[in-house]
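Text of input22.txt, listed as compact mmCIF, C-alpha atoms:
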# COMPACT_ATOMS: atom_id res chain seq x y z
CA MET A 14 0.00 0.00 0.00
CA LEU A 15 2.78 2.41 0.96
CA ARG A 16 4.64 1.52 -2.22
CA ASN A 17 1.59 2.33 -4.38
CA PHE A 18 1.14 5.65 -2.56
CA ARG A 19 4.76 6.62 -3.27
CA LEU A 20 4.40 5.69 -6.95
CA THR A 21 1.29 7.86 -7.24
CA LEU A 22 3.08 10.83 -5.66
CA GLY A 23 6.02 10.34 -8.05
CA ARG A 24 3.75 10.36 -11.09
CA LEU A 25 1.95 13.51 -9.91
CA ALA A 26 5.28 15.27 -9.35
CA ALA A 27 6.52 14.30 -12.83
CA LEU A 28 3.30 15.58 -14.37
CA ALA A 29 3.57 18.88 -12.50
CA CYS A 30 7.18 19.27 -13.62
CA THR A 31 6.25 18.61 -17.26
CA SER A 32 3.49 21.27 -17.11
CA ALA A 33 5.77 23.87 -15.54
CA ILE A 34 8.93 23.31 -17.56
CA ALA A 35 7.96 25.75 -20.34
CA ILE A 36 7.54 28.52 -17.76
CA THR A 37 10.09 28.03 -15.00
CA GLY A 38 12.10 24.90 -15.73
CA CYS A 39 12.24 21.98 -13.34
CA GLY A 40 15.74 21.76 -11.93
CA GLY A 41 18.95 21.22 -13.83
CA ASP A 42 21.00 23.70 -15.87
CA ASP A 43 19.24 26.70 -17.53
CA ASP A 44 20.53 25.57 -20.93
CA GLU A 45 18.58 22.34 -20.57
CA SER A 46 15.41 23.82 -19.11
CA GLY A 47 14.07 25.44 -22.26
CA SER A 48 13.68 28.77 -20.45
CA PRO A 49 14.24 31.92 -22.54
CA LYS A 50 17.80 33.17 -22.36
CA PRO A 51 18.58 36.88 -21.86
CA THR A 52 19.58 38.72 -25.01
CA ALA A 53 23.22 39.65 -25.43
CA VAL A 54 24.18 43.13 -24.28
CA LYS A 55 26.26 43.78 -27.40
CA PRO A 56 24.90 43.07 -30.90
CA THR A 57 26.72 40.63 -33.12
CA ALA A 58 28.95 41.88 -35.91
CA GLY A 59 26.22 41.32 -38.51
CA ALA A 60 23.30 42.78 -36.55
CA GLY A 61 21.14 45.04 -38.68
CA LEU A 62 22.54 43.82 -41.99
CA VAL A 63 20.03 42.67 -44.61
CA PRO A 64 20.46 41.15 -48.09
CA VAL A 65 20.69 43.74 -50.86
CA ALA A 66 17.47 42.31 -52.37
CA GLN A 67 15.57 43.41 -49.24
CA ALA A 68 16.99 46.92 -49.19
CA CYS A 69 14.82 50.03 -49.53
CA GLY A 70 11.64 48.09 -48.87
CA GLY A 71 12.22 45.71 -51.73
CA LEU A 72 12.90 48.31 -54.45
CA PHE A 73 15.95 46.34 -55.61
CA ASP A 74 14.88 43.80 -58.22
CA LYS A 75 17.13 40.92 -59.31
CA ALA A 76 18.89 42.95 -62.00
CA ILE A 77 19.68 45.88 -59.68
CA THR A 78 20.77 43.51 -56.91
CA LYS A 79 23.15 41.79 -59.31
CA GLU A 80 24.63 45.12 -60.43
CA ALA A 81 25.07 46.28 -56.84
CA ARG A 82 27.03 43.14 -55.97
CA GLU A 83 29.35 43.28 -58.98
CA PRO A 84 32.27 43.23 -59.17
CA ASN A 85 33.09 43.57 -55.46
CA GLY A 86 29.91 44.92 -53.92
CA PRO A 87 28.54 43.64 -50.60
CA SER A 88 25.93 40.90 -50.41
CA LYS A 89 24.40 42.58 -47.36
CA VAL A 90 23.84 46.22 -46.46
CA TYR A 91 22.84 48.21 -43.37
CA PRO A 92 19.61 50.21 -43.83
CA VAL A 93 19.86 53.40 -41.79
CA LYS A 94 16.57 54.01 -39.98
CA THR A 95 14.38 56.54 -41.81
CA LYS A 96 10.73 57.55 -41.66
CA SER A 97 8.15 55.20 -43.11
CA THR A 98 6.54 56.03 -46.46
CA ASP A 99 3.38 57.12 -44.62
CA GLN A 100 5.37 59.43 -42.35
CA VAL A 101 7.23 61.00 -45.27
CA ALA A 102 3.96 61.56 -47.16
CA LYS A 103 2.42 63.16 -44.07
CA ALA A 104 5.42 65.47 -43.68
CA LEU A 105 5.25 66.47 -47.34
CA ARG A 106 1.58 67.43 -47.03
CA GLY A 107 2.49 70.19 -44.60
CA GLU A 108 3.11 73.61 -46.07
CA SER A 109 6.31 73.92 -44.01
CA ALA A 110 7.72 70.91 -45.85
CA ARG A 111 7.97 73.08 -48.95
CA ARG A 112 10.68 75.09 -47.25
CA SER A 113 12.41 72.29 -45.34
CA ALA A 114 15.32 69.97 -46.00
CA PRO A 115 14.82 66.88 -48.19
CA GLU A 116 13.17 63.86 -46.60
CA ASP A 117 15.24 60.66 -46.52
CA LEU A 118 13.49 57.73 -48.18
CA CYS A 119 16.29 55.18 -48.05
CA THR A 120 19.90 55.26 -46.90
CA LEU A 121 22.18 52.23 -47.08
CA THR A 122 25.63 51.82 -45.58
CA ASP A 123 28.10 48.93 -45.51
CA LYS A 124 27.66 48.64 -41.71
CA ALA A 125 26.28 50.61 -38.79
CA ASP A 126 27.80 54.11 -38.94
CA GLY A 127 29.70 52.92 -41.99
CA LYS A 128 30.34 54.14 -45.51
CA GLU A 129 27.28 55.31 -47.44
CA LEU A 130 26.39 53.09 -50.39
CA LEU A 131 23.14 54.64 -51.61
CA ALA A 132 20.63 57.30 -50.58
CA ILE A 133 17.29 58.41 -52.02
CA THR A 134 15.66 61.69 -50.94
CA VAL A 135 12.59 63.74 -51.84
CA ALA A 136 11.82 67.44 -51.51
CA TRP A 137 9.40 70.01 -52.87
CA THR A 138 10.67 72.22 -55.68
CA PRO A 139 9.11 75.19 -57.50
CA HIS A 140 10.28 73.75 -60.82
CA SER A 141 8.04 71.75 -63.12
CA PRO A 142 8.76 68.97 -65.62
CA SER A 143 9.51 70.31 -69.10
CA SER A 144 7.27 70.12 -72.17
CA GLY A 145 4.08 69.83 -70.17
CA ARG A 146 4.91 66.35 -68.91
CA SER A 147 4.05 65.28 -65.38
CA VAL A 148 7.30 63.36 -64.84
CA HIS A 149 10.82 64.05 -66.04
CA TYR A 150 13.93 61.95 -65.42
CA THR A 151 17.38 63.51 -65.60
CA THR A 152 20.56 61.51 -66.09
CA THR A 153 23.40 62.88 -64.00
CA VAL A 154 27.07 62.05 -63.65
CA GLY A 155 28.90 60.88 -60.56
CA PRO A 156 27.86 59.15 -57.32
CA GLU A 157 26.98 62.40 -55.52
CA ASP A 158 24.25 63.18 -58.05
CA ALA A 159 23.39 59.85 -59.63
CA GLY A 160 19.91 60.70 -60.89
CA ARG A 161 16.94 63.02 -60.45
CA LEU A 162 13.23 62.61 -61.03
CA LEU A 163 10.86 65.58 -61.17
CA VAL A 164 7.21 64.73 -60.51
CA ALA A 165 4.35 67.24 -60.79
CA CYS A 166 2.09 66.83 -57.78
CA ASP A 167 -0.09 69.82 -56.92
CA VAL A 168 -1.67 69.16 -53.53
CA GLY A 169 -2.70 72.75 -52.78
CA GLY A 170 -1.29 75.06 -50.16
CA GLY A 171 -2.79 73.84 -46.88
CA ALA A 172 -4.65 76.24 -44.59
CA GLU A 173 -4.48 79.23 -46.92
CA GLY A 174 -5.86 77.16 -49.79
CA SER A 175 -3.09 78.15 -52.16
CA ARG A 176 -3.28 76.31 -55.48
CA GLU A 177 0.21 77.07 -56.71
CA GLY A 178 1.77 74.34 -58.79
CA ARG A 179 4.54 72.39 -57.18
CA SER A 180 6.63 69.35 -57.96
CA LEU A 181 8.51 66.75 -55.99
CA GLU A 182 12.16 66.16 -56.77
CA PHE A 183 13.53 62.69 -56.03
CA ALA A 184 17.33 62.53 -55.95
CA MET A 185 19.86 59.75 -55.54
CA ARG A 186 23.43 59.27 -54.40
CA ASP A 187 24.93 55.98 -55.54
CA TYR A 188 28.28 54.53 -54.48
CA PHE A 189 27.32 51.07 -55.71
CA THR A 190 27.63 52.71 -59.16
CA VAL A 191 24.78 50.72 -60.68
CA SER A 192 23.60 51.59 -64.19
CA ASP A 193 21.58 54.65 -65.13
CA HIS A 194 18.73 52.30 -66.00
CA SER A 195 18.75 51.06 -62.40
CA HIS A 196 18.77 54.65 -61.15
CA ALA A 197 15.63 55.36 -63.17
CA LYS A 198 13.91 52.23 -61.88
CA LEU A 199 14.73 53.02 -58.25
CA LEU A 200 13.65 56.65 -58.48
CA ILE A 201 10.42 55.90 -60.35
CA ALA A 202 9.52 53.12 -57.90
CA SER A 203 10.23 55.42 -54.95
CA ALA A 204 8.14 58.21 -56.47
CA LYS A 205 5.20 55.88 -57.07
CA GLN A 206 5.21 54.87 -53.41
CA ILE A 207 5.10 58.50 -52.25
CA THR A 208 2.62 59.96 -54.75
CA SER A 209 0.23 57.06 -54.18
CA LYS A 210 -0.20 58.45 -50.66
CA LEU A 211 -0.55 62.10 -51.72
CA ASP A 212 -3.65 63.66 -53.25
CA CYS A 213 -2.05 64.96 -56.42
CA ARG A 214 -4.70 66.85 -58.41
CA GLU A 215 -3.59 64.97 -61.50
CA ALA A 216 -2.08 61.50 -61.24
CA PRO A 217 1.53 61.53 -62.50
CA GLU A 218 2.12 59.61 -65.73
CA TYR A 219 5.29 57.65 -65.05
CA PRO A 220 7.44 56.66 -68.03
CA ASP A 221 8.87 53.21 -68.63
CA PRO A 222 12.43 53.18 -67.22
CA LYS A 223 13.54 51.49 -70.45
CA VAL A 224 12.46 54.57 -72.40
CA VAL A 225 14.14 57.25 -70.26
CA ALA A 226 17.23 55.17 -69.50
CA PRO A 227 17.75 52.08 -71.68
CA PRO A 228 19.30 49.02 -70.02
CA PRO A 229 23.07 48.80 -70.46
CA LYS A 230 24.47 46.46 -73.05
CA ARG A 231 25.92 43.22 -71.73
CA GLY A 232 29.23 43.86 -70.00
CA LEU A 233 28.63 47.63 -69.79
CA ARG A 234 27.10 49.88 -67.14

For this file, write the structure as structure tokens.
Amino acid sequence: MLRNFRLTLGRLAALACTSAIAITGCGGDDDESGSPKPTAVKPTAGAGLVPVAQACGGLFDKAITKEAREPNGPSKVYPVKTKSTDQVAKALRGESARRSAPEDLCTLTDKADGKELLAITVAWTPHSPSSGRSVHYTTTVGPEDAGRLLVACDVGGGAEGSREGRSLEFAMRDYFTVSDHSHAKLLIASAKQITSKLDCREAPEYPDPKVVAPPPKRGLR
């Protein structure tokens, strides 16, 4: 009888231990208990790095990703924290934004606080696309001014109700030195994300990147 009583107590204790192990562990070393371990105080060397294909919210397609990694480009980049697309659009709606510094849309570095690899910005400008077009892409030279896209987007003047015409200028710095065709694709894709969240009186008519900046011939950038 005593033996059966002890066996019953042992089974109950084992069952209680099994139920509690996911929460507190049931004796033994912490590594064997399954309990959550505290996070490391210092991040690992690769913390914050993401594959190039995931950079800028997925703006990099396969072709751009391949260009960015050739011949000696990084396979991973560090995206510097910037405002979300919604936050940038909200900031641009304000009248004060028309007199402020450019908004950062995407900034990539080779590591935290490292060398800049690419940056895309947007700001209001009093200029308008030429020839009555709603969008105009400009090819530029050098990494500091790798491409510009002018997009007509009249959203009015806020509280005063001003209806003056304005445009958004998207600009890029590129130390990957990808092709001009890739610059056009990145800028047009970025502009579409922003203007889709703004109430432009007339929807911008975006050109095909192949038309404004033809893809490079094989072996050339």

Nearest-residue call for A:Thr78, choices A:Lys210, A:Lys94, A:Leu199, A:Ala165, using all atoms listed in the file: A:Leu199

Who sits within 12 Å of stretch 152-161 of chain A, all atoms listed in the file, same chain under 5 positions skipped, as a PyMOL selection string: chain A and resi 129-136+142+181-201+203-204+222+225-227

Using only the atoms of stretch 149-160 of chain A listed in the file, plus 4 Å on each side, state the axis-aligned box centre and edge lengths in Å rounded to one decimal, as lines of an AutoDock Vina configuration file.
center_x = 19.9
center_y = 61.6
center_z = -60.8
size_x = 26.1
size_y = 12.9
size_z = 18.6

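Put simply, atom CA of A:Val101 is 21.3 Å away from atom CA of A:His149.
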
Nearest candidate to A:Lys79 (options A:Ala202, A:Tyr91, A:Asp167, A:Pro64; using all atoms listed in the file):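 Using all atoms listed in the file, the shortest distance to A:Lys79 belongs to A:Pro64.
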
Minimum-distance residue to A:Thr151, chosen among A:Pro229, A:Lys124, A:Leu163, A:Lys223 (using all atoms listed in the file):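 That would be A:Leu163, the residue with the smallest distance to A:Thr151.
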
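With distances restricted to all atoms listed in the file, A:Cys119 is the closest residue to A:Thr98 from A:Leu162, A:Cys119, A:Leu62, A:Pro228.
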
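Interatomic distance, atom CA of A:Arg214 to atom CA of A:Cys69: 27.3 Å.
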
Atom CA of A:Thr120 to atom CA of A:Gly70, distance in Å rounded to a single decimal: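 The value is 11.1 Å.
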
Atom completion result for stretch 91-117 of chain A (N, CA, C and O atoms) as an mmCIF file, in the frame of the given file:
data_model
loop_
_atom_site.group_PDB
_atom_site.id
_atom_site.type_symbol
_atom_site.label_atom_id
_atom_site.label_comp_id
_atom_site.auth_asym_id
_atom_site.auth_seq_id
_atom_site.Cartn_x
_atom_site.Cartn_y
_atom_site.Cartn_z
ATOM 1 N N TYR A 91 23.453 47.746 -44.612
ATOM 2 C CA TYR A 91 22.840 48.210 -43.370
ATOM 3 C C TYR A 91 21.878 49.359 -43.706
ATOM 4 O O TYR A 91 22.306 50.425 -44.132
ATOM 5 N N PRO A 92 20.563 49.130 -43.553
ATOM 6 C CA PRO A 92 19.610 50.210 -43.830
ATOM 7 C C PRO A 92 19.516 51.167 -42.648
ATOM 8 O O PRO A 92 19.098 50.788 -41.568
ATOM 9 N N VAL A 93 19.948 52.390 -42.842
ATOM 10 C CA VAL A 93 19.860 53.400 -41.790
ATOM 11 C C VAL A 93 18.384 53.715 -41.555
ATOM 12 O O VAL A 93 17.604 53.856 -42.498
ATOM 13 N N LYS A 94 17.979 53.794 -40.309
ATOM 14 C CA LYS A 94 16.570 54.010 -39.980
ATOM 15 C C LYS A 94 16.085 55.352 -40.523
ATOM 16 O O LYS A 94 16.677 56.393 -40.268
ATOM 17 N N THR A 95 15.005 55.328 -41.282
ATOM 18 C CA THR A 95 14.380 56.540 -41.810
ATOM 19 C C THR A 95 12.882 56.468 -41.529
ATOM 20 O O THR A 95 12.369 55.453 -41.062
ATOM 21 N N LYS A 96 12.177 57.536 -41.836
ATOM 22 C CA LYS A 96 10.730 57.550 -41.660
ATOM 23 C C LYS A 96 10.082 56.542 -42.605
ATOM 24 O O LYS A 96 10.626 56.223 -43.655
ATOM 25 N N SER A 97 8.896 56.083 -42.229
ATOM 26 C CA SER A 97 8.150 55.200 -43.110
ATOM 27 C C SER A 97 7.589 56.021 -44.277
ATOM 28 O O SER A 97 7.572 57.257 -44.233
ATOM 29 N N THR A 98 7.119 55.338 -45.302
ATOM 30 C CA THR A 98 6.540 56.030 -46.460
ATOM 31 C C THR A 98 5.353 56.880 -46.021
ATOM 32 O O THR A 98 5.172 58.010 -46.491
ATOM 33 N N ASP A 99 4.531 56.362 -45.125
ATOM 34 C CA ASP A 99 3.380 57.120 -44.620
ATOM 35 C C ASP A 99 3.822 58.384 -43.903
ATOM 36 O O ASP A 99 3.217 59.450 -44.067
ATOM 37 N N GLN A 100 4.877 58.264 -43.088
ATOM 38 C CA GLN A 100 5.370 59.430 -42.350
ATOM 39 C C GLN A 100 5.949 60.486 -43.277
ATOM 40 O O GLN A 100 5.745 61.684 -43.069
ATOM 41 N N VAL A 101 6.664 60.051 -44.305
ATOM 42 C CA VAL A 101 7.230 61.000 -45.270
ATOM 43 C C VAL A 101 6.100 61.710 -46.015
ATOM 44 O O VAL A 101 6.128 62.933 -46.195
ATOM 45 N N ALA A 102 5.095 60.953 -46.448
ATOM 46 C CA ALA A 102 3.960 61.560 -47.160
ATOM 47 C C ALA A 102 3.247 62.569 -46.278
ATOM 48 O O ALA A 102 2.864 63.650 -46.735
ATOM 49 N N LYS A 103 3.073 62.245 -45.005
ATOM 50 C CA LYS A 103 2.420 63.160 -44.070
ATOM 51 C C LYS A 103 3.224 64.446 -43.924
ATOM 52 O O LYS A 103 2.677 65.552 -43.903
ATOM 53 N N ALA A 104 4.548 64.294 -43.813
ATOM 54 C CA ALA A 104 5.420 65.470 -43.680
ATOM 55 C C ALA A 104 5.357 66.340 -44.926
ATOM 56 O O ALA A 104 5.362 67.570 -44.847
ATOM 57 N N LEU A 105 5.279 65.715 -46.094
ATOM 58 C CA LEU A 105 5.250 66.470 -47.340
ATOM 59 C C LEU A 105 3.936 67.232 -47.527
ATOM 60 O O LEU A 105 3.883 68.233 -48.245
ATOM 61 N N ARG A 106 2.868 66.736 -46.905
ATOM 62 C CA ARG A 106 1.580 67.430 -47.030
ATOM 63 C C ARG A 106 1.590 68.781 -46.334
ATOM 64 O O ARG A 106 0.826 69.673 -46.678
ATOM 65 N N GLY A 107 2.442 68.932 -45.329
ATOM 66 C CA GLY A 107 2.490 70.190 -44.600
ATOM 67 C C GLY A 107 3.120 71.293 -45.439
ATOM 68 O O GLY A 107 4.091 71.079 -46.157
ATOM 69 N N GLU A 108 2.589 72.470 -45.324
ATOM 70 C CA GLU A 108 3.110 73.610 -46.070
ATOM 71 C C GLU A 108 4.572 73.872 -45.720
ATOM 72 O O GLU A 108 5.371 74.252 -46.574
ATOM 73 N N SER A 109 4.936 73.658 -44.437
ATOM 74 C CA SER A 109 6.310 73.920 -44.010
ATOM 75 C C SER A 109 7.292 73.007 -44.728
ATOM 76 O O SER A 109 8.463 73.340 -44.886
ATOM 77 N N ALA A 110 6.821 71.844 -45.176
ATOM 78 C CA ALA A 110 7.720 70.910 -45.850
ATOM 79 C C ALA A 110 8.255 71.498 -47.145
ATOM 80 O O ALA A 110 9.294 71.092 -47.640
ATOM 81 N N ARG A 111 7.539 72.481 -47.691
ATOM 82 C CA ARG A 111 7.970 73.080 -48.950
ATOM 83 C C ARG A 111 9.153 74.017 -48.758
ATOM 84 O O ARG A 111 9.702 74.529 -49.715
ATOM 85 N N ARG A 112 9.518 74.240 -47.521
ATOM 86 C CA ARG A 112 10.680 75.090 -47.250
ATOM 87 C C ARG A 112 11.704 74.356 -46.391
ATOM 88 O O ARG A 112 12.615 74.964 -45.863
ATOM 89 N N SER A 113 11.532 73.046 -46.230
ATOM 90 C CA SER A 113 12.410 72.290 -45.340
ATOM 91 C C SER A 113 13.452 71.490 -46.121
ATOM 92 O O SER A 113 13.470 71.476 -47.348
ATOM 93 N N ALA A 114 14.285 70.807 -45.385
ATOM 94 C CA ALA A 114 15.320 69.970 -46.000
ATOM 95 C C ALA A 114 14.675 68.738 -46.625
ATOM 96 O O ALA A 114 13.557 68.353 -46.271
ATOM 97 N N PRO A 115 15.360 68.092 -47.562
ATOM 98 C CA PRO A 115 14.820 66.880 -48.190
ATOM 99 C C PRO A 115 14.531 65.793 -47.162
ATOM 100 O O PRO A 115 15.217 65.679 -46.142
ATOM 101 N N GLU A 116 13.516 65.010 -47.437
ATOM 102 C CA GLU A 116 13.170 63.860 -46.600
ATOM 103 C C GLU A 116 13.961 62.643 -47.093
ATOM 104 O O GLU A 116 14.044 62.392 -48.295
ATOM 105 N N ASP A 117 14.517 61.883 -46.169
ATOM 106 C CA ASP A 117 15.240 60.660 -46.520
ATOM 107 C C ASP A 117 14.261 59.515 -46.735
ATOM 108 O O ASP A 117 13.448 59.215 -45.863
#
